Amino acid sequence: MSEKCPNCLSVRIGKNNYGKKTAGVVGASAGTYGGYAAATAGAKAGAALGIVGGPVGATVGGIGGAVIGALLGGATGASAGVILGDVLDDRVLDNYRCLDCGYAFSVDPDSSDDTR
């Protein structure tokens, strides 16, 4: 890591990642709710059509669809939240913290010394 503390010039730097953690949790919660709501609507339609297979088939299919929809929605929401949080950490928040003096700072993403 090439970052140095602007306060004490130490190279012992840590990352806070507050944006990534917070946005990941919010995204997972929103995605789970959205996935559950969509799966519930699909389960109702599936249960109405699946009544031909009997009440047990309609119930199992409806519950399974709702659970799978919630899990997939949660995973998708968490992924989107982590990506958004990563951008927030890099562009907005003071994501770096000096492990020697405790100073919090951000690094200009345009001034990276990437030689690719």
# chains A, B, ... in the order shown; residues from 1 in each chain; ligands from 1

$ residues_around --residues "Lys15 in chain A" --least-positions-apart "6" --cutoff "8 Å" --atoms "only C-alpha atoms" --output "ChimeraX atom specification"
/A:95-97

$ write_last_selection --atoms "N, CA, C and O atoms" --output "mmCIF file, in the first residue's frame"
data_model
loop_
_atom_site.group_PDB
_atom_site.id
_atom_site.type_symbol
_atom_site.label_atom_id
_atom_site.label_comp_id
_atom_site.auth_asym_id
_atom_site.auth_seq_id
_atom_site.Cartn_x
_atom_site.Cartn_y
_atom_site.Cartn_z
ATOM 1 N N ASN A 95 -11.930 7.340 4.419
ATOM 2 C CA ASN A 95 -11.916 5.893 4.584
ATOM 3 C C ASN A 95 -10.628 5.365 5.199
ATOM 4 O O ASN A 95 -10.613 4.290 5.765
ATOM 5 N N TYR A 96 -9.551 6.097 5.097
ATOM 6 C CA TYR A 96 -8.268 5.616 5.613
ATOM 7 C C TYR A 96 -8.021 6.165 7.010
ATOM 8 O O TYR A 96 -8.405 7.284 7.341
ATOM 9 N N ARG A 97 -7.353 5.347 7.830
ATOM 10 C CA ARG A 97 -7.054 5.732 9.206
ATOM 11 C C ARG A 97 -5.629 5.319 9.518
ATOM 12 O O ARG A 97 -5.217 4.188 9.271
#

$ select_by_dssp --residues "range 4-115 of chain A" --states "helix (DSSP H, G or I)" --output "VMD selection string"
chain A and resid 18 to 53 55 to 91 109 to 111

$ closest_residue --among "A:Gly85, A:Ile13, A:Leu72, A:Gly61" --to "Tyr33 in chain A" --atoms "only C-alpha atoms"
A:Leu72

$ closest_residue --among "A:Gly19, A:Gly65, A:Pro6, A:Gly31" --to "Val87 in chain A" --atoms "only C-alpha atoms"
A:Gly19

$ closest_residue --among "A:Ser29, A:Thr40, A:Asn16, A:Thr22" --to "Gly74 in chain A" --atoms "only C-alpha atoms"
A:Ser29

$ closest_residue --among "A:Gly73, A:Gly81, A:Gly102, A:Gly64" --to "Gly35 in chain A" --atoms "only C-alpha atoms"
A:Gly73

$ select_by_dssp --residues "chain A" --states "strand (DSSP E)" --output "list in words"
Ile13, Gly14, Lys15, Tyr96, Arg97, Cys98, Ala104 and Phe105 of chain A

$ closest_residue --among "A:Ala80, A:Leu9, A:Ala66, A:Ala58" --to "Ala30 in chain A" --atoms "only C-alpha atoms"
A:Ala80

$ closest_residue --among "A:Leu93, A:Ala104, A:Val26, A:Cys98" --to "Ala78 in chain A" --atoms "only C-alpha atoms"
A:Val26

$ atom_distance --atom1 "CA of Val92 in chain A" --atom2 "CA of Ser106 in chain A"
8.2 Å
